[in-house]
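Text of the file final-v4.cif, holding mmCIF, C-alpha atoms:
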data_data
loop_
_atom_site.label_atom_id
_atom_site.label_comp_id
_atom_site.auth_asym_id
_atom_site.auth_seq_id
_atom_site.Cartn_x
_atom_site.Cartn_y
_atom_site.Cartn_z
CA MET R 1 -4.78 50.12 57.26
CA GLU R 2 -7.02 48.30 54.82
CA SER R 3 -6.76 44.53 54.69
CA VAL R 4 -4.09 43.49 52.18
CA THR R 5 -3.13 40.11 50.79
CA LEU R 6 0.00 39.68 48.70
CA ASP R 7 -0.04 37.48 45.61
CA ALA R 8 2.93 36.20 43.62
CA LEU R 9 3.19 39.34 41.47
CA ASP R 10 3.12 41.60 44.54
CA ARG R 11 5.98 39.61 46.07
CA ARG R 12 8.00 39.83 42.87
CA LEU R 13 7.45 43.59 42.76
CA ILE R 14 8.54 43.96 46.40
CA HIS R 15 11.67 41.90 45.75
CA ALA R 16 12.48 44.12 42.76
CA LEU R 17 12.08 47.28 44.83
CA GLN R 18 14.30 45.88 47.56
CA LEU R 19 17.03 45.41 44.97
CA ASP R 20 16.70 49.07 44.00
CA GLY R 21 13.91 51.22 45.39
CA ARG R 22 14.13 53.70 42.49
CA LEU R 23 13.97 51.21 39.63
CA PRO R 24 11.69 52.56 36.87
CA PHE R 25 8.41 50.71 36.55
CA SER R 26 9.28 50.08 32.90
CA ARG R 27 12.39 48.09 33.83
CA ILE R 28 10.55 46.13 36.52
CA ALA R 29 7.75 45.35 34.07
CA ALA R 30 10.19 44.13 31.42
CA ALA R 31 11.93 41.81 33.90
CA LEU R 32 8.67 40.46 35.30
CA GLY R 33 7.05 40.06 31.89
CA VAL R 34 3.94 42.14 32.66
CA PRO R 35 2.64 45.50 31.38
CA GLU R 36 4.15 48.60 32.94
CA ARG R 37 0.72 49.90 33.92
CA THR R 38 0.13 46.69 35.90
CA VAL R 39 3.32 47.20 37.90
CA ALA R 40 2.49 50.85 38.57
CA ARG R 41 -1.06 49.98 39.60
CA ARG R 42 0.13 47.27 42.00
CA TYR R 43 2.66 49.61 43.60
CA HIS R 44 0.21 52.48 44.06
CA ARG R 45 -2.46 50.13 45.44
CA LEU R 46 -0.09 48.82 48.13
CA ARG R 47 1.25 52.28 48.93
CA SER R 48 -2.18 53.90 49.18
CA ARG R 49 -3.22 51.21 51.67
CA LEU R 50 -0.11 51.96 53.77
CA ALA R 51 1.10 48.40 53.20
CA LEU R 52 4.26 49.33 51.28
CA ARG R 53 6.65 52.26 51.23
CA VAL R 54 10.11 52.89 49.80
CA VAL R 55 12.23 55.16 51.99
CA GLY R 56 15.70 56.61 51.61
CA LEU R 57 17.99 55.87 54.56
CA VAL R 58 21.23 57.57 55.55
CA ASP R 59 24.07 55.44 56.89
CA GLY R 60 24.89 57.24 60.12
CA ARG R 61 28.36 55.69 60.30
CA ARG R 62 29.30 57.53 57.13
CA THR R 63 28.07 60.90 58.37
CA GLY R 64 29.61 60.82 61.83
CA MET R 65 26.37 59.93 63.65
CA LEU R 66 25.69 57.17 66.17
CA ASP R 67 22.74 54.75 66.25
CA TRP R 68 21.48 53.50 69.60
CA ILE R 69 19.12 50.65 70.43
CA VAL R 70 17.08 51.99 73.31
CA ARG R 71 14.98 50.08 75.83
CA VAL R 72 12.52 52.10 77.89
CA ARG R 73 10.70 50.61 80.86
CA CYS R 74 7.74 52.70 81.90
CA ALA R 75 4.36 52.74 83.59
CA PRO R 76 1.69 50.84 81.61
CA GLU R 77 -0.38 53.99 81.10
CA ALA R 78 2.63 55.82 79.61
CA VAL R 79 3.63 53.34 76.90
CA GLU R 80 1.26 54.50 74.15
CA THR R 81 1.82 58.20 74.76
CA LEU R 82 5.59 57.75 74.82
CA ALA R 83 5.52 55.70 71.60
CA VAL R 84 3.59 58.45 69.81
CA LEU R 85 5.85 61.21 71.12
CA LEU R 86 8.98 59.34 70.03
CA ALA R 87 7.46 58.55 66.63
CA ARG R 88 7.04 62.25 65.89
CA ARG R 89 10.79 62.83 66.14
CA GLU R 90 12.90 62.81 62.99
CA ASP R 91 15.78 61.01 64.71
CA THR R 92 13.86 57.89 65.81
CA SER R 93 12.98 54.67 63.98
CA TRP R 94 11.84 51.09 64.60
CA ILE R 95 9.64 51.96 67.58
CA ALA R 96 7.91 48.94 69.10
CA PRO R 97 5.95 48.52 72.34
CA LEU R 98 6.65 45.04 73.68
CA VAL R 99 4.11 42.45 74.76
CA GLY R 100 3.57 42.92 78.48
CA GLY R 101 2.70 46.61 78.33
CA THR R 102 5.57 48.08 80.36
CA GLU R 103 8.41 48.42 77.86
CA LEU R 104 9.15 49.73 74.39
CA THR R 105 12.23 49.74 72.18
CA CYS R 106 13.39 52.09 69.47
CA VAL R 107 16.43 53.22 67.52
CA ILE R 108 17.65 56.79 68.05
CA ARG R 109 20.36 58.56 66.02
CA THR R 110 22.53 61.14 67.78
CA PRO R 111 25.75 63.08 67.23
CA PRO R 112 28.79 61.71 69.05
CA PRO R 113 28.81 62.46 72.79
CA GLY R 114 29.98 65.97 73.63
CA ASP R 115 29.12 69.08 75.57
CA ASP R 116 26.99 71.11 73.17
CA GLY R 117 25.21 73.03 75.88
CA ARG R 118 22.02 70.96 75.68
CA ARG R 119 20.71 68.27 77.96
CA PRO R 120 21.51 64.90 76.34
CA PHE R 121 18.58 63.10 74.74
CA PHE R 122 18.81 60.14 77.11
CA GLU R 123 18.69 62.36 80.18
CA GLN R 124 15.61 64.10 78.80
CA LEU R 125 13.99 60.76 78.07
CA ALA R 126 14.69 59.50 81.59
CA ARG R 127 12.94 62.60 82.99
CA THR R 128 9.80 62.05 80.88
CA ALA R 129 6.61 61.36 82.83
CA GLY R 130 6.02 57.64 83.37
CA VAL R 131 9.54 56.53 82.37
CA ARG R 132 11.16 54.29 84.98
CA GLU R 133 14.36 53.11 83.33
CA VAL R 134 16.27 53.81 80.11
CA GLY R 135 18.96 51.57 78.63
CA ALA R 136 20.94 52.44 75.49
CA ALA R 137 23.32 50.27 73.49
CA CYS R 138 25.39 51.85 70.73
CA VAL R 139 25.38 50.02 67.40
CA LEU R 140 29.01 49.18 66.65
CA ARG R 141 28.48 47.28 63.43
CA PRO R 142 25.43 45.82 61.64
CA VAL R 143 26.09 42.18 60.74
CA ALA R 144 22.83 41.04 59.13
CA GLY R 145 19.79 42.53 57.45
CA VAL R 146 21.50 45.46 55.76
CA GLY R 147 20.06 45.48 52.26
CA GLY R 148 16.81 43.76 53.16
CA TRP R 149 15.35 40.89 55.13
CA ALA R 150 15.91 37.61 53.25
CA GLY R 151 12.32 36.54 53.93
CA ARG R 152 10.99 38.96 51.32
CA MET R 153 13.75 38.45 48.77
CA ASP R 154 13.06 34.99 47.38
CA ALA R 155 10.43 35.78 44.73
CA LEU R 156 12.77 36.47 41.79
CA GLY R 157 15.14 34.12 40.05
CA GLU R 158 18.77 34.98 39.37
CA ALA R 159 18.10 35.78 35.72
CA GLU R 160 15.36 38.26 36.66
CA GLN R 161 17.60 39.88 39.25
CA ARG R 162 20.37 40.33 36.68
CA LEU R 163 17.90 42.07 34.35
CA LEU R 164 16.83 44.42 37.11
CA LEU R 165 20.14 45.25 38.66
CA PRO R 166 23.24 45.33 36.47
CA PRO R 167 26.44 44.88 38.50
CA ARG R 168 27.54 48.07 40.29
CA PRO R 169 30.69 48.71 42.30
CA ALA R 170 29.84 47.77 45.87
CA PRO R 171 30.41 50.46 48.51
CA ALA R 172 33.44 49.72 50.64
CA ASP R 173 32.79 48.18 54.03
CA PRO R 174 32.54 50.99 56.60
CA ALA R 175 33.90 48.59 59.21
CA ASP R 176 37.16 48.22 57.26
CA PRO R 177 39.84 50.45 58.87
CA ALA R 178 41.39 50.98 55.44
CA ASP R 179 38.12 52.19 53.98
CA PRO R 180 38.33 55.93 53.23
CA ALA R 181 34.63 56.16 54.04
CA ASP R 182 35.26 54.97 57.60
CA PRO R 183 34.02 57.76 59.90
CA ALA R 184 37.35 57.57 61.70
CA GLU R 185 39.06 58.59 58.46
CA ALA R 186 36.65 60.95 56.71
CA VAL R 187 33.10 62.20 57.16
CA PRO R 188 31.46 63.55 54.00
CA VAL R 189 30.21 67.11 54.22
CA LEU R 190 26.54 67.35 53.31
CA SER R 191 25.32 70.62 51.88
CA PRO R 192 21.94 72.14 52.81
CA ALA R 193 20.67 70.89 49.44
CA ASP R 194 21.90 67.38 50.30
CA SER R 195 20.09 67.52 53.62
CA ALA R 196 16.87 68.63 51.93
CA LEU R 197 17.26 65.87 49.34
CA LEU R 198 17.80 63.18 51.97
CA ARG R 199 14.84 64.44 54.00
CA ALA R 200 12.55 64.28 50.95
CA LEU R 201 13.75 60.77 50.08
CA SER R 202 13.19 59.61 53.66
CA GLN R 203 9.53 60.48 53.20
CA ASP R 204 9.22 58.96 49.72
CA GLY R 205 12.14 57.10 48.23
CA ARG R 206 10.44 57.06 44.81
CA ALA R 207 9.67 60.78 44.66
CA ASP R 208 10.14 61.98 41.08
CA LEU R 209 12.95 64.30 40.09
CA GLY R 210 10.61 67.26 39.74
CA ARG R 211 9.49 67.01 43.37
CA LEU R 212 13.06 66.52 44.56
CA ALA R 213 14.24 69.50 42.53
CA SER R 214 11.56 71.67 44.16
CA ALA R 215 12.55 70.44 47.61
CA THR R 216 16.25 71.17 47.10
CA GLY R 217 16.26 74.19 44.81
CA CYS R 218 18.47 72.28 42.37
CA SER R 219 17.92 71.22 38.78
CA GLU R 220 16.64 67.73 38.01
CA SER R 221 19.96 66.77 36.43
CA THR R 222 21.81 67.88 39.59
CA VAL R 223 19.40 65.89 41.78
CA ARG R 224 19.87 62.77 39.62
CA ARG R 225 23.64 63.09 39.77
CA ARG R 226 23.71 63.72 43.51
CA ILE R 227 21.52 60.71 44.28
CA GLY R 228 23.98 58.58 42.35
CA GLN R 229 26.95 60.05 44.20
CA LEU R 230 25.35 59.58 47.62
CA ARG R 231 24.47 55.99 46.79
CA ASP R 232 27.90 55.15 45.43
CA SER R 233 29.56 56.58 48.55
CA GLY R 234 27.34 54.44 50.79
CA VAL R 235 25.70 57.44 52.46
CA LEU R 236 22.28 56.74 50.91
CA ALA R 237 20.43 53.44 50.53
CA PHE R 238 16.79 52.53 49.95
CA GLU R 239 14.64 50.29 52.12
CA VAL R 240 11.22 48.76 51.52
CA GLU R 241 8.92 49.14 54.52
CA ILE R 242 6.35 46.37 54.71
CA ASP R 243 4.84 44.34 57.53
CA PRO R 244 6.43 40.85 57.69
CA ALA R 245 3.00 39.52 58.65
CA LEU R 246 1.97 40.00 55.01
CA PHE R 247 4.60 37.38 54.15
CA GLY R 248 3.25 34.98 56.76
CA TYR R 249 5.57 36.04 59.60
CA PRO R 250 3.32 37.62 62.26
CA ILE R 251 5.66 37.01 65.22
CA GLU R 252 8.50 39.49 65.63
CA ALA R 253 10.94 38.96 68.47
CA LEU R 254 13.92 40.92 69.76
CA LEU R 255 16.87 38.99 71.12
CA TRP R 256 19.82 40.15 73.19
CA LEU R 257 22.73 37.70 73.06
CA ASP R 258 25.67 37.53 75.44
CA VAL R 259 28.71 36.50 73.41
CA PRO R 260 32.36 36.68 74.58
CA PRO R 261 34.66 38.65 72.25
CA ALA R 262 36.32 35.51 70.89
CA GLY R 263 32.99 34.21 69.61
CA LEU R 264 31.60 37.37 68.03
CA GLY R 265 32.96 36.74 64.54
CA ALA R 266 31.50 33.25 64.21
CA VAL R 267 28.14 34.21 65.69
CA ALA R 268 27.86 37.29 63.43
CA GLU R 269 28.67 35.23 60.34
CA ALA R 270 26.06 32.63 61.26
CA LEU R 271 23.33 35.21 61.93
CA ALA R 272 23.89 36.72 58.48
CA GLY R 273 22.81 33.40 56.96
CA HIS R 274 19.69 32.81 59.05
CA GLN R 275 16.41 33.21 57.15
CA GLN R 276 14.58 34.45 60.25
CA VAL R 277 16.97 37.33 60.98
CA ALA R 278 15.70 40.71 59.79
CA PHE R 279 18.51 42.64 61.45
CA ALA R 280 21.46 41.96 63.72
CA ALA R 281 24.24 44.14 65.08
CA LEU R 282 27.17 44.11 67.44
CA THR R 283 26.53 46.62 70.23
CA THR R 284 27.81 48.05 73.46
CA GLY R 285 25.99 47.26 76.68
CA PRO R 286 25.37 44.16 78.81
CA SER R 287 24.62 42.07 75.71
CA SER R 288 27.02 42.29 72.80
CA VAL R 289 24.64 41.23 70.00
CA PHE R 290 21.15 42.52 69.19
CA VAL R 291 18.93 40.50 66.83
CA MET R 292 15.50 41.09 65.32
CA VAL R 293 13.81 37.93 64.04
CA GLU R 294 10.61 37.26 62.10
CA CYS R 295 8.79 33.96 62.69
CA ARG R 296 5.65 32.24 61.45
CA SER R 297 4.53 31.26 64.96
CA VAL R 298 5.58 31.14 68.59
CA SER R 299 6.59 27.53 68.04
CA GLY R 300 8.75 28.72 65.14
CA LEU R 301 10.45 31.20 67.47
CA HIS R 302 11.01 28.42 69.99
CA ALA R 303 12.55 26.22 67.30
CA TYR R 304 14.83 29.01 66.14
CA VAL R 305 16.15 29.66 69.65
CA THR R 306 16.50 26.03 70.70
CA ASP R 307 17.82 24.68 67.39
CA GLU R 308 19.67 27.28 65.32
CA LEU R 309 20.88 29.58 68.08
CA ALA R 310 21.60 26.72 70.45
CA ALA R 311 23.88 25.21 67.80
CA LEU R 312 26.13 28.30 67.78
CA HIS R 313 29.16 28.09 70.01
CA GLY R 314 29.84 31.17 72.08
CA ILE R 315 26.35 32.32 73.08
CA THR R 316 26.22 32.20 76.87
CA ARG R 317 22.85 33.85 77.48
CA ILE R 318 19.75 34.86 75.51
CA GLU R 319 17.11 37.39 76.51
CA SER R 320 14.03 37.64 74.30
CA ALA R 321 10.90 39.76 73.96
CA VAL R 322 8.01 39.78 71.48
CA THR R 323 6.89 43.06 69.93
CA GLN R 324 3.26 44.09 70.23
CA ARG R 325 3.33 46.11 67.00
CA ARG R 326 5.45 48.67 65.16
CA THR R 327 4.53 52.27 65.93
CA LYS R 328 7.18 53.42 63.46
CA ARG R 329 9.50 51.65 61.04
CA ALA R 330 12.53 53.00 59.20
CA GLY R 331 11.23 56.29 57.78
CA PRO R 332 9.12 59.20 59.04
CA LEU R 333 5.48 58.39 59.64
CA PRO R 334 3.32 58.64 56.49
CA ALA R 335 1.03 61.68 56.64
CA PRO R 336 -2.21 59.69 57.25
CA LEU R 337 -0.68 57.89 60.24
CA ALA R 338 0.94 61.04 61.59
CA GLU R 339 -2.41 62.85 61.47
CA LYS R 340 -4.18 59.95 63.17
CA ARG R 341 -1.62 59.73 65.96
CA ALA R 342 -1.53 63.47 66.49
CA GLY R 343 -4.79 63.03 68.42
CA ALA R 344 -3.25 60.51 70.82
CA PRO R 345 -3.32 61.36 74.54
CA SER R 346 -0.81 64.08 75.27
CA GLY R 347 1.63 64.08 78.14
CA ARG R 348 4.80 65.89 79.03
CA ALA R 349 6.84 65.94 75.81
CA ALA R 350 9.49 63.26 75.55
CA ALA R 351 13.03 64.49 74.98
CA GLN R 352 12.11 67.69 73.19
#
Would you mind writing the file's structure down as structure tokens?
Amino acid sequence: MESVTLDALDRRLIHALQLDGRLPFSRIAAALGVPERTVARRYHRLRSRLALRVVGLVDGRRTGMLDWIVRVRCAPEAVETLAVLLARREDTSWIAPLVGGTELTCVIRTPPPGDDGRRPFFEQLARTAGVREVGAACVLRPVAGVGGWAGRMDALGEAEQRLLLPPRPAPADPADPADPADPAEAVPVLSPADSALLRALSQDGRADLGRLASATGCSESTVRRRIGQLRDSGVLAFEVEIDPALFGYPIEALLWLDVPPAGLGAVAEALAGHQQVAFAALTTGPSSVFVMVECRSVSGLHAYVTDELAALHGITRIESAVTQRRTKRAGPLPAPLAEKRAGAPSGRAAAQ
């Protein structure tokens, strides 16, 4: 990736896209007070340098799928190959080898457990060459970071945000038992055209209606209407992929917190207000809370753990690890990266 430095206008553009990844450049330009061609040029410059991407994400809870935070301990020589093999899969995201060279983490999306006649993904992964141990924690409920990391959403004032994003009915909380969108109550049926649309948006959340119509076999008006319906139901959301280091946060750490059930509510509420938290979720497994934090330095990470986390009642144990880099973020790998990594050392295929 070419060297990129963000200026104030870049940060305002990124904030605008995080509010709504499909906002027209004309509306962004009007709110920011700059020419439309300037906004378009800035966006395409960042995207062409692989510094910025808007991707469409599907909320697995609303489609009957499960998300798992997976930790894989493996031989040092297997880490890079395994990361590349996992990155090629459509059902993986947020892949990160950890500092130390013998472990990586990722998120995998699967159907609910059941006997479908195939070897489960986790069993296949455990049998992959070089893998020594696999741990998987099911995401029960995200509690922070849904809708964007706060660290990249402070460039626009309230008046500018109101110009960009008129009030819309908020999707009901999928964790609310009374919510009709709760997977326990109803799982929306996605048509083949819906699946094609979501796949195209996962590759480019700002793809124009013509491209999406070609991908789905539907008219542009149908595509526009269906995007709106999927967003309003909470099935579809848009995320801005960008390296936090460009905002001055080069240290990314993963934390596993042990919290007794009685303390989960208070800890979750506190994490949602922490500037450093990019994502947090309640999970199954030995630790009940998973947290991803972005920090300006190792000393900043130390201060966060010893000051802000230490002040929370209920946390009985903290395990932490620093990521080496991100092999894959939320969406499928961009074509240039996929082509580059296709030449990585090959080994026995992981979980194919």
Evaluate the PyMOL selection byres ((chain R and resi 322-332) around 9) against this structure - the residues, as a PyMOL selection string, please.
chain R and resi 53-57+83-84+87-101+104-106+202-204+239-243+251-255+320-321+333-335+338
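When all atoms listed in the file are used to compute distances to Phe238 (chain R), the closest of the residues R:Gly33, R:Gly148, R:Leu6, R:Val298 turns out to be R:Gly148.
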List the spatial neighbours of region 277-279 of chain R as an NGL selection string - criterion: any atom at most 10 Å away, only C-alpha atoms, same-chain residues fewer than 4 positions off excluded.
:R and (142-152 or 244 or 252-254 or 271-273 or 290-295)
Once the PyMOL selection byres ((chain R and resi 69) around 8) is applied to the coordinates I shared, what remains selected? I want it as an NGL selection string.
:R and (67-68 or 70-71 or 105-108 or 136-139)
Contacts of region 278-321 of chain R with region 117-135 of chain R up to 12 Å, shortest pair per row, all atoms listed in the file, as a Markdown table:
| residue | atom | partner | partner_atom | distance |
| --- | --- | --- | --- | --- |
| R:Thr284 | CA | R:Gly135 | CA | 10.8 |
| R:Gly285 | CA | R:Gly135 | CA | 8.5 |
| R:Pro286 | CA | R:Gly135 | CA | 9.8 |
| R:Ser287 | CA | R:Gly135 | CA | 11.4 |
Taking the file above as input, evaluate the PyMOL selection byres ((chain R and resi 43) around 10) and report the hits as a PyMOL selection string.
chain R and resi 10+13-14+17+25+37-42+44-48+51-53
Residues as selected, C-alpha atoms, written as an mmCIF file, keeping the file's coordinate frame, can you do that?
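result09.cif was written with the following content:
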data_model
loop_
_atom_site.group_PDB
_atom_site.id
_atom_site.type_symbol
_atom_site.label_atom_id
_atom_site.label_comp_id
_atom_site.auth_asym_id
_atom_site.auth_seq_id
_atom_site.Cartn_x
_atom_site.Cartn_y
_atom_site.Cartn_z
ATOM 1 C CA ASP R 10 3.120 41.600 44.540
ATOM 2 C CA LEU R 13 7.450 43.590 42.760
ATOM 3 C CA ILE R 14 8.540 43.960 46.400
ATOM 4 C CA LEU R 17 12.080 47.280 44.830
ATOM 5 C CA PHE R 25 8.410 50.710 36.550
ATOM 6 C CA ARG R 37 0.720 49.900 33.920
ATOM 7 C CA THR R 38 0.130 46.690 35.900
ATOM 8 C CA VAL R 39 3.320 47.200 37.900
ATOM 9 C CA ALA R 40 2.490 50.850 38.570
ATOM 10 C CA ARG R 41 -1.060 49.980 39.600
ATOM 11 C CA ARG R 42 0.130 47.270 42.000
ATOM 12 C CA HIS R 44 0.210 52.480 44.060
ATOM 13 C CA ARG R 45 -2.460 50.130 45.440
ATOM 14 C CA LEU R 46 -0.090 48.820 48.130
ATOM 15 C CA ARG R 47 1.250 52.280 48.930
ATOM 16 C CA SER R 48 -2.180 53.900 49.180
ATOM 17 C CA ALA R 51 1.100 48.400 53.200
ATOM 18 C CA LEU R 52 4.260 49.330 51.280
ATOM 19 C CA ARG R 53 6.650 52.260 51.230
#
For region 191-196 of chain R: contacts at 12 Å, only C-alpha atoms, fewer than 6 positions along chain excluded, given as a ChimeraX atom specification
/R:56-58,63,202-203,211-219,222-227,229-230,235-236
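Of note, CA of Ser297 (chain R) and CA of Leu309 (chain R) are spaced 16.7 Å apart.
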